[in-house]
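*Asks:* As input, take coords-v8.txt (compact mmCIF, N, CA, C and O atoms and all ligand atoms):
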# COMPACT_ATOMS: atom_id res chain seq x y z
N MET A 3 -1.40 -30.29 7.74
CA MET A 3 -1.12 -29.17 8.65
C MET A 3 -0.98 -27.88 7.88
O MET A 3 -1.67 -26.92 8.14
N ASN A 4 -0.11 -27.91 6.86
CA ASN A 4 0.06 -26.70 6.05
C ASN A 4 -1.24 -26.29 5.38
O ASN A 4 -1.53 -25.12 5.22
N ARG A 5 -2.00 -27.29 5.01
CA ARG A 5 -3.25 -27.00 4.33
C ARG A 5 -4.21 -26.26 5.26
O ARG A 5 -4.88 -25.32 4.86
N ILE A 6 -4.25 -26.69 6.50
CA ILE A 6 -5.12 -26.02 7.47
C ILE A 6 -4.68 -24.58 7.66
O ILE A 6 -5.49 -23.66 7.68
N ILE A 7 -3.38 -24.39 7.77
CA ILE A 7 -2.87 -23.02 7.92
C ILE A 7 -3.24 -22.19 6.70
O ILE A 7 -3.67 -21.05 6.81
N GLY A 8 -3.12 -22.80 5.51
CA GLY A 8 -3.47 -22.08 4.29
C GLY A 8 -4.92 -21.66 4.27
O GLY A 8 -5.25 -20.52 3.92
N ILE A 9 -5.79 -22.55 4.66
CA ILE A 9 -7.23 -22.22 4.67
C ILE A 9 -7.50 -21.11 5.68
O ILE A 9 -8.23 -20.17 5.41
N THR A 10 -6.88 -21.24 6.84
CA THR A 10 -7.07 -20.21 7.87
C THR A 10 -6.59 -18.85 7.36
O THR A 10 -7.27 -17.84 7.53
N ALA A 11 -5.44 -18.86 6.68
CA ALA A 11 -4.90 -17.60 6.16
C ALA A 11 -5.83 -17.02 5.10
O ALA A 11 -6.07 -15.82 5.06
N ALA A 12 -6.37 -17.89 4.24
CA ALA A 12 -7.28 -17.42 3.20
C ALA A 12 -8.53 -16.82 3.82
O ALA A 12 -9.03 -15.77 3.38
N LEU A 13 -9.03 -17.45 4.86
CA LEU A 13 -10.21 -16.91 5.55
C LEU A 13 -9.90 -15.56 6.17
O LEU A 13 -10.66 -14.61 6.04
N ALA A 14 -8.76 -15.49 6.83
CA ALA A 14 -8.37 -14.24 7.48
C ALA A 14 -8.22 -13.15 6.44
O ALA A 14 -8.64 -12.01 6.65
N LEU A 15 -7.65 -13.51 5.28
CA LEU A 15 -7.45 -12.52 4.22
C LEU A 15 -8.78 -12.03 3.69
O LEU A 15 -8.99 -10.82 3.53
N SER A 16 -9.71 -12.92 3.42
CA SER A 16 -10.98 -12.48 2.86
C SER A 16 -11.75 -11.65 3.87
O SER A 16 -12.42 -10.68 3.53
N MET A 17 -11.62 -12.00 5.15
CA MET A 17 -12.27 -11.19 6.18
C MET A 17 -11.61 -9.81 6.25
O MET A 17 -12.29 -8.81 6.41
N GLY A 18 -10.30 -9.81 6.10
CA GLY A 18 -9.58 -8.54 6.14
C GLY A 18 -10.01 -7.64 4.99
O GLY A 18 -10.19 -6.44 5.17
N LEU A 19 -10.18 -8.23 3.81
CA LEU A 19 -10.59 -7.44 2.65
C LEU A 19 -11.99 -6.87 2.85
O LEU A 19 -12.27 -5.73 2.51
N ALA A 20 -12.88 -7.67 3.42
CA ALA A 20 -14.24 -7.20 3.67
C ALA A 20 -14.20 -6.03 4.64
O ALA A 20 -14.89 -5.02 4.45
N THR A 21 -13.37 -6.15 5.66
CA THR A 21 -13.25 -5.07 6.63
C THR A 21 -12.66 -3.82 5.97
O THR A 21 -13.11 -2.72 6.22
N ALA A 22 -11.69 -4.04 5.08
CA ALA A 22 -11.04 -2.92 4.43
C ALA A 22 -12.03 -2.11 3.61
O ALA A 22 -11.96 -0.89 3.56
N THR A 23 -12.95 -2.78 2.96
CA THR A 23 -13.94 -2.09 2.15
C THR A 23 -14.78 -1.15 3.01
O THR A 23 -15.12 -0.05 2.61
N LEU A 24 -15.05 -1.60 4.23
CA LEU A 24 -15.87 -0.80 5.12
C LEU A 24 -15.07 0.31 5.79
O LEU A 24 -15.59 1.38 6.06
N ALA A 25 -13.79 0.04 6.05
CA ALA A 25 -13.00 0.96 6.85
C ALA A 25 -11.82 1.52 6.06
O ALA A 25 -10.75 1.73 6.60
N ALA A 26 -11.98 1.73 4.77
CA ALA A 26 -10.88 2.18 3.94
C ALA A 26 -10.42 3.59 4.31
O ALA A 26 -9.25 3.91 4.19
N GLU A 27 -11.33 4.43 4.76
CA GLU A 27 -10.97 5.81 5.06
C GLU A 27 -10.09 5.90 6.30
O GLU A 27 -10.32 5.22 7.28
N GLY A 28 -9.06 6.72 6.20
CA GLY A 28 -8.26 7.02 7.37
C GLY A 28 -7.32 5.92 7.80
O GLY A 28 -6.82 5.93 8.90
N ALA A 29 -7.05 4.96 6.91
CA ALA A 29 -6.15 3.87 7.27
C ALA A 29 -4.76 4.18 6.74
O ALA A 29 -4.35 3.68 5.70
N ALA A 30 -4.04 5.03 7.44
CA ALA A 30 -2.71 5.43 6.98
C ALA A 30 -1.71 4.31 7.20
O ALA A 30 -1.73 3.62 8.21
N ILE A 31 -0.83 4.14 6.23
CA ILE A 31 0.19 3.10 6.24
C ILE A 31 1.55 3.78 6.25
O ILE A 31 1.77 4.75 5.52
N SER A 32 2.47 3.26 7.04
CA SER A 32 3.84 3.79 7.06
C SER A 32 4.67 3.07 6.01
O SER A 32 4.59 1.85 5.89
N GLY A 33 5.45 3.83 5.27
CA GLY A 33 6.28 3.21 4.24
C GLY A 33 7.51 4.03 3.93
O GLY A 33 7.75 5.08 4.52
N GLU A 34 8.30 3.50 3.02
CA GLU A 34 9.51 4.18 2.57
C GLU A 34 9.53 4.14 1.05
O GLU A 34 9.23 3.10 0.45
N VAL A 35 9.90 5.26 0.44
CA VAL A 35 9.96 5.34 -1.02
C VAL A 35 11.19 4.62 -1.53
O VAL A 35 12.32 4.92 -1.12
N LYS A 36 11.00 3.64 -2.40
CA LYS A 36 12.12 2.89 -2.96
C LYS A 36 12.42 3.31 -4.39
O LYS A 36 13.56 3.22 -4.84
N LYS A 37 11.42 3.71 -5.12
CA LYS A 37 11.60 4.06 -6.52
C LYS A 37 10.44 4.94 -6.97
O LYS A 37 9.31 4.77 -6.52
N ILE A 38 10.75 5.88 -7.85
CA ILE A 38 9.71 6.75 -8.40
C ILE A 38 9.79 6.69 -9.92
O ILE A 38 10.87 6.83 -10.49
N ASP A 39 8.67 6.46 -10.56
CA ASP A 39 8.61 6.42 -12.02
C ASP A 39 7.56 7.43 -12.48
O ASP A 39 6.38 7.12 -12.58
N GLU A 40 8.04 8.66 -12.70
CA GLU A 40 7.09 9.72 -13.05
C GLU A 40 6.43 9.46 -14.39
O GLU A 40 5.26 9.78 -14.60
N GLY A 41 7.22 8.90 -15.34
CA GLY A 41 6.67 8.64 -16.66
C GLY A 41 5.46 7.73 -16.62
O GLY A 41 4.49 7.94 -17.34
N ALA A 42 5.54 6.71 -15.76
CA ALA A 42 4.46 5.73 -15.66
C ALA A 42 3.44 6.09 -14.58
O ALA A 42 2.41 5.46 -14.46
N GLY A 43 3.77 7.14 -13.80
CA GLY A 43 2.87 7.52 -12.71
C GLY A 43 2.83 6.46 -11.62
O GLY A 43 1.77 6.18 -11.05
N LYS A 44 4.00 5.90 -11.33
CA LYS A 44 4.05 4.82 -10.34
C LYS A 44 5.12 5.08 -9.30
O LYS A 44 6.12 5.74 -9.58
N ILE A 45 4.90 4.49 -8.14
CA ILE A 45 5.87 4.61 -7.06
C ILE A 45 6.03 3.25 -6.39
O ILE A 45 5.05 2.52 -6.24
N THR A 46 7.26 2.91 -6.06
CA THR A 46 7.52 1.66 -5.35
C THR A 46 7.71 2.00 -3.88
O THR A 46 8.53 2.84 -3.53
N LEU A 47 6.92 1.37 -3.04
CA LEU A 47 6.95 1.63 -1.61
C LEU A 47 7.21 0.34 -0.84
O LEU A 47 6.65 -0.71 -1.16
N ARG A 48 8.10 0.45 0.15
CA ARG A 48 8.25 -0.65 1.11
C ARG A 48 7.38 -0.27 2.29
O ARG A 48 7.45 0.85 2.79
N HIS A 49 6.56 -1.16 2.72
CA HIS A 49 5.68 -0.81 3.84
C HIS A 49 5.46 -1.97 4.78
O HIS A 49 5.69 -3.14 4.43
N GLY A 50 5.05 -1.65 5.97
CA GLY A 50 4.76 -2.66 6.98
C GLY A 50 3.40 -3.27 6.73
O GLY A 50 2.78 -3.02 5.69
N PRO A 51 2.94 -4.08 7.66
CA PRO A 51 1.63 -4.69 7.49
C PRO A 51 0.55 -3.62 7.27
O PRO A 51 0.56 -2.59 7.92
N ALA A 52 -0.32 -3.86 6.31
CA ALA A 52 -1.41 -2.92 6.00
C ALA A 52 -2.70 -3.71 6.00
O ALA A 52 -3.17 -4.16 4.97
N LYS A 53 -3.22 -3.90 7.18
CA LYS A 53 -4.42 -4.75 7.29
C LYS A 53 -5.59 -4.16 6.53
O LYS A 53 -6.45 -4.88 6.05
N SER A 54 -5.60 -2.83 6.40
CA SER A 54 -6.72 -2.21 5.67
C SER A 54 -6.72 -2.63 4.20
O SER A 54 -7.74 -2.55 3.53
N LEU A 55 -5.54 -3.07 3.70
CA LEU A 55 -5.46 -3.50 2.30
C LEU A 55 -5.37 -5.02 2.18
O LEU A 55 -5.16 -5.57 1.11
N GLY A 56 -5.52 -5.71 3.31
CA GLY A 56 -5.42 -7.16 3.30
C GLY A 56 -3.99 -7.64 3.18
O GLY A 56 -3.75 -8.76 2.74
N MET A 57 -3.02 -6.78 3.53
CA MET A 57 -1.60 -7.15 3.48
C MET A 57 -1.11 -7.33 4.90
O MET A 57 -0.88 -6.37 5.61
N GLU A 58 -0.95 -8.57 5.26
CA GLU A 58 -0.59 -8.88 6.63
C GLU A 58 0.91 -8.79 6.88
O GLU A 58 1.35 -8.69 8.01
N GLU A 59 1.69 -8.90 5.79
CA GLU A 59 3.15 -8.95 5.92
C GLU A 59 3.78 -7.68 5.36
O GLU A 59 3.25 -7.08 4.43
N PRO A 60 4.94 -7.31 5.92
CA PRO A 60 5.69 -6.21 5.29
C PRO A 60 6.06 -6.59 3.86
O PRO A 60 6.28 -7.77 3.59
N MET A 61 6.13 -5.61 2.97
CA MET A 61 6.45 -5.93 1.57
C MET A 61 6.90 -4.68 0.83
O MET A 61 6.74 -3.57 1.31
N THR A 62 7.46 -4.91 -0.34
CA THR A 62 7.79 -3.82 -1.25
C THR A 62 6.96 -4.03 -2.50
O THR A 62 6.94 -5.12 -3.06
N MET A 63 6.24 -3.02 -2.92
CA MET A 63 5.41 -3.19 -4.10
C MET A 63 5.21 -1.87 -4.84
O MET A 63 5.47 -0.79 -4.32
N VAL A 64 4.72 -2.00 -6.06
CA VAL A 64 4.52 -0.84 -6.92
C VAL A 64 3.07 -0.39 -6.82
O VAL A 64 2.14 -1.20 -6.88
N TYR A 65 2.90 0.91 -6.66
CA TYR A 65 1.57 1.51 -6.62
C TYR A 65 1.44 2.54 -7.73
O TYR A 65 2.41 3.21 -8.08
N ARG A 66 0.25 2.67 -8.24
CA ARG A 66 -0.06 3.83 -9.07
C ARG A 66 -0.35 4.99 -8.13
O ARG A 66 -0.62 4.78 -6.96
N VAL A 67 -0.32 6.19 -8.63
CA VAL A 67 -0.72 7.33 -7.79
C VAL A 67 -1.93 7.99 -8.41
O VAL A 67 -2.09 8.04 -9.63
N LYS A 68 -2.79 8.49 -7.54
CA LYS A 68 -4.02 9.11 -7.99
C LYS A 68 -3.72 10.40 -8.74
O LYS A 68 -4.36 10.71 -9.73
N ASP A 69 -2.71 11.13 -8.25
CA ASP A 69 -2.34 12.41 -8.86
C ASP A 69 -0.82 12.41 -9.10
O ASP A 69 -0.06 12.25 -8.16
N PRO A 70 -0.38 12.59 -10.35
CA PRO A 70 1.06 12.56 -10.66
C PRO A 70 1.86 13.56 -9.83
O PRO A 70 3.06 13.34 -9.59
N ALA A 71 1.23 14.62 -9.38
CA ALA A 71 1.94 15.63 -8.58
C ALA A 71 2.46 15.04 -7.27
O ALA A 71 3.42 15.55 -6.69
N MET A 72 1.83 13.97 -6.82
CA MET A 72 2.26 13.34 -5.57
C MET A 72 3.71 12.85 -5.69
O MET A 72 4.44 12.81 -4.70
N LEU A 73 4.12 12.51 -6.90
CA LEU A 73 5.47 11.97 -7.11
C LEU A 73 6.53 13.05 -6.98
O LEU A 73 7.72 12.74 -6.83
N LYS A 74 6.14 14.30 -7.09
CA LYS A 74 7.10 15.40 -6.99
C LYS A 74 7.31 15.84 -5.54
O LYS A 74 8.21 16.62 -5.25
N GLN A 75 6.47 15.35 -4.66
CA GLN A 75 6.55 15.78 -3.27
C GLN A 75 7.46 14.91 -2.43
O GLN A 75 7.72 15.21 -1.27
N VAL A 76 7.90 13.79 -2.99
CA VAL A 76 8.76 12.89 -2.23
C VAL A 76 9.94 12.46 -3.10
O VAL A 76 9.93 12.64 -4.32
N LYS A 77 10.95 11.91 -2.45
CA LYS A 77 12.08 11.36 -3.19
C LYS A 77 12.46 10.01 -2.61
O LYS A 77 12.02 9.66 -1.51
N VAL A 78 13.28 9.29 -3.36
CA VAL A 78 13.69 7.96 -2.93
C VAL A 78 14.38 8.05 -1.56
O VAL A 78 15.22 8.93 -1.35
N GLY A 79 13.98 7.19 -0.66
CA GLY A 79 14.55 7.18 0.68
C GLY A 79 13.68 7.87 1.71
O GLY A 79 13.88 7.70 2.90
N ASP A 80 12.71 8.67 1.24
CA ASP A 80 11.81 9.35 2.17
C ASP A 80 10.92 8.36 2.90
O ASP A 80 10.44 7.40 2.31
N LYS A 81 10.71 8.63 4.17
CA LYS A 81 9.70 7.91 4.93
C LYS A 81 8.36 8.64 4.73
O LYS A 81 8.30 9.86 4.82
N VAL A 82 7.35 7.88 4.45
CA VAL A 82 6.04 8.48 4.17
C VAL A 82 4.93 7.75 4.91
O VAL A 82 5.11 6.62 5.37
N THR A 83 3.81 8.42 5.02
CA THR A 83 2.59 7.73 5.39
C THR A 83 1.65 7.89 4.21
O THR A 83 1.63 8.94 3.55
N PHE A 84 0.92 6.85 3.91
CA PHE A 84 0.05 6.91 2.73
C PHE A 84 -1.21 6.10 2.94
O PHE A 84 -1.32 5.29 3.86
N GLU A 85 -2.15 6.39 2.07
CA GLU A 85 -3.37 5.59 2.03
C GLU A 85 -3.53 5.10 0.60
O GLU A 85 -3.14 5.79 -0.34
N ALA A 86 -4.07 3.91 0.45
CA ALA A 86 -4.22 3.35 -0.88
C ALA A 86 -5.54 2.60 -0.98
O ALA A 86 -6.13 2.22 0.03
N GLU A 87 -5.97 2.43 -2.21
CA GLU A 87 -7.18 1.65 -2.42
C GLU A 87 -6.93 0.64 -3.54
O GLU A 87 -6.10 0.86 -4.43
N GLU A 88 -7.65 -0.46 -3.47
CA GLU A 88 -7.48 -1.52 -4.45
C GLU A 88 -8.40 -1.26 -5.63
O GLU A 88 -9.58 -0.99 -5.47
N GLY A 89 -7.80 -1.30 -6.83
CA GLY A 89 -8.59 -1.13 -8.04
C GLY A 89 -8.58 -2.40 -8.86
O GLY A 89 -8.09 -3.43 -8.42
N THR A 90 -9.09 -2.31 -10.08
CA THR A 90 -9.18 -3.50 -10.91
C THR A 90 -7.81 -3.97 -11.38
O THR A 90 -7.61 -5.14 -11.64
N SER A 91 -6.85 -3.05 -11.48
CA SER A 91 -5.54 -3.44 -12.00
C SER A 91 -4.42 -3.07 -11.04
O SER A 91 -3.37 -2.59 -11.43
N GLY A 92 -4.68 -3.25 -9.76
CA GLY A 92 -3.63 -2.98 -8.79
C GLY A 92 -4.07 -1.96 -7.75
O GLY A 92 -5.25 -1.63 -7.65
N TYR A 93 -3.08 -1.47 -7.04
CA TYR A 93 -3.36 -0.56 -5.94
C TYR A 93 -2.97 0.87 -6.31
O TYR A 93 -1.96 1.09 -6.98
N THR A 94 -3.77 1.81 -5.86
CA THR A 94 -3.53 3.22 -6.15
C THR A 94 -3.37 3.97 -4.84
O THR A 94 -4.21 3.85 -3.94
N VAL A 95 -2.29 4.75 -4.76
CA VAL A 95 -2.09 5.61 -3.59
C VAL A 95 -3.03 6.81 -3.74
O VAL A 95 -3.00 7.51 -4.75
N THR A 96 -3.86 7.00 -2.75
CA THR A 96 -4.81 8.11 -2.81
C THR A 96 -4.35 9.32 -2.03
O THR A 96 -4.71 10.45 -2.34
N ARG A 97 -3.53 9.09 -1.01
CA ARG A 97 -2.95 10.19 -0.24
C ARG A 97 -1.56 9.78 0.20
O ARG A 97 -1.32 8.62 0.49
N MET A 98 -0.68 10.76 0.26
CA MET A 98 0.67 10.45 0.72
C MET A 98 1.29 11.71 1.29
O MET A 98 1.13 12.80 0.75
N GLN A 99 2.00 11.56 2.39
CA GLN A 99 2.76 12.69 2.92
C GLN A 99 4.01 12.20 3.60
O GLN A 99 4.08 11.06 4.03
N LYS A 100 5.00 13.08 3.65
CA LYS A 100 6.25 12.72 4.31
C LYS A 100 6.00 12.50 5.78
O LYS A 100 5.28 13.27 6.42
N ALA A 101 6.62 11.47 6.31
CA ALA A 101 6.53 11.21 7.75
C ALA A 101 7.49 12.17 8.44
O ALA A 101 8.52 12.54 7.89
N LYS A 102 7.15 12.57 9.66
CA LYS A 102 8.00 13.51 10.39
C LYS A 102 9.05 12.74 11.17
O LYS A 102 8.87 11.62 11.52
CU CU B 1 1.69 -3.89 -0.21
So, in terms of structure tokens, how does the structure I just supplied come out?
Ligand SMILES: [Cu+2]

*Replies:*
Amino acid sequence: MNRIIGITAALALSMGLATATLAAEGAAISGEVKKIDEGAGKITLRHGPAKSLGMEEPMTMVYRVKDPAMLKQVKVGDKVTFEAEEGTSGYTVTRMQKAK
């Protein structure tokens, strides 16, 4: 039973990733800033499901940022909307703005 669920989840995930590649533009994700590491150019974000990135579950994870200046525009605790793309060594936030 668990195995069937696992296979189904894997299929859904791979389909989600294929869709994400096609529809990466304009897929804003809601999140909250948990940690900022300017030295490393990284930000930790808690976010809800992000189907565009193949993330079906809410999670907290570390992202690189495309432009270090993005880290100066937000602070820990801020609610944000962001877009990210998957690279060879993790995920990179390509756009981010404070949620209203
Ligand atoms: Cu995530």

*Asks:* Can you tell me, as JSON, numbers by chain, what residues are no more than 9 Å from segment 37-42 of chain A when counting only C-alpha atoms, ignoring any on the same chain fewer than 6 positions away?

*Replies:* {"A": [64, 66, 70, 73, 74, 76, 77, 78, 79]}

*Asks:* Residues within 6 Å of ligand CU 1 (chain B) should be enumerated using only N, CA, C and O atoms and all ligand atoms and returned as a PyMOL selection string.

*Replies:* chain A and resi 47+57+59+61-63

*Asks:* Kindly indicate which residue among A:Val82, A:Lys68, A:Gln99, A:Gln75 lies nearest to Arg48 of chain A, using only C-alpha atoms for the distances.

*Replies:*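 Using only C-alpha atoms, the shortest distance to Arg48 of chain A belongs to A:Val82.
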
*Asks:* So how far away is atom CA of Val95 of chain A from atom CA of Glu34 of chain A, in Å?

*Replies:* 13.2 Å

*Asks:* Here is a test: counting only C-alpha atoms, which residue of A:Val35, A:Ala71, A:Ile45, A:Ala30 is nearest to Ala86 of chain A?

*Replies:*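 Distance minimum relative to Ala86 of chain A lands on A:Ala30.
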
*Asks:* What separation in Å, quoted to one decimal, exists between atom CA of Lys53 of chain A and atom N of Met72 of chain A?

*Replies:* 24.3 Å

*Asks:* What's the separation between atom C of Gly33 of chain A and atom C of Thr90 of chain A, in Å to one decimal place?

*Replies:*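 For atom C of Gly33 of chain A relative to atom C of Thr90 of chain A, the distance reads 23.1 Å.
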
*Asks:* With all atoms listed in the file as the counted atoms, please give the residues lying no more than 5 Å from Arg97 of chain A, apart from itself and same-chain residues fewer than 4 positions off, as a PyMOL selection string.

*Replies:* chain A and resi 83-85

*Asks:* What lies within 7 Å of Pro60 of chain A using only N, CA, C and O atoms, ignoring chain neighbours under 5 positions off, as an MDAnalysis selection string?

*Replies:* chainID A and resid 48:52

*Asks:* Could you give me, as number ranges by chain, the residues that sit within 4.5 Å of (-1.7, 2.1, -9.6) in the file's coordinates, counting all atoms listed in the file?

*Replies:* A: 65-67, 93-94

*Asks:* Write out as a ChimeraX atom specification all residues of segment 31-87 of chain A that DSSP puts in strand (DSSP E) for this structure's backbone.

*Replies:* /A:31-39,44-49,61-67,81-87

*Asks:* Using only N, CA, C and O atoms, find the one residue out of A:Ile31, A:Ala101, A:Glu88, A:Asp80 that sits nearest to Thr46 of chain A.

*Replies:*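 Using only N, CA, C and O atoms, Thr46 of chain A sits closest to A:Asp80.
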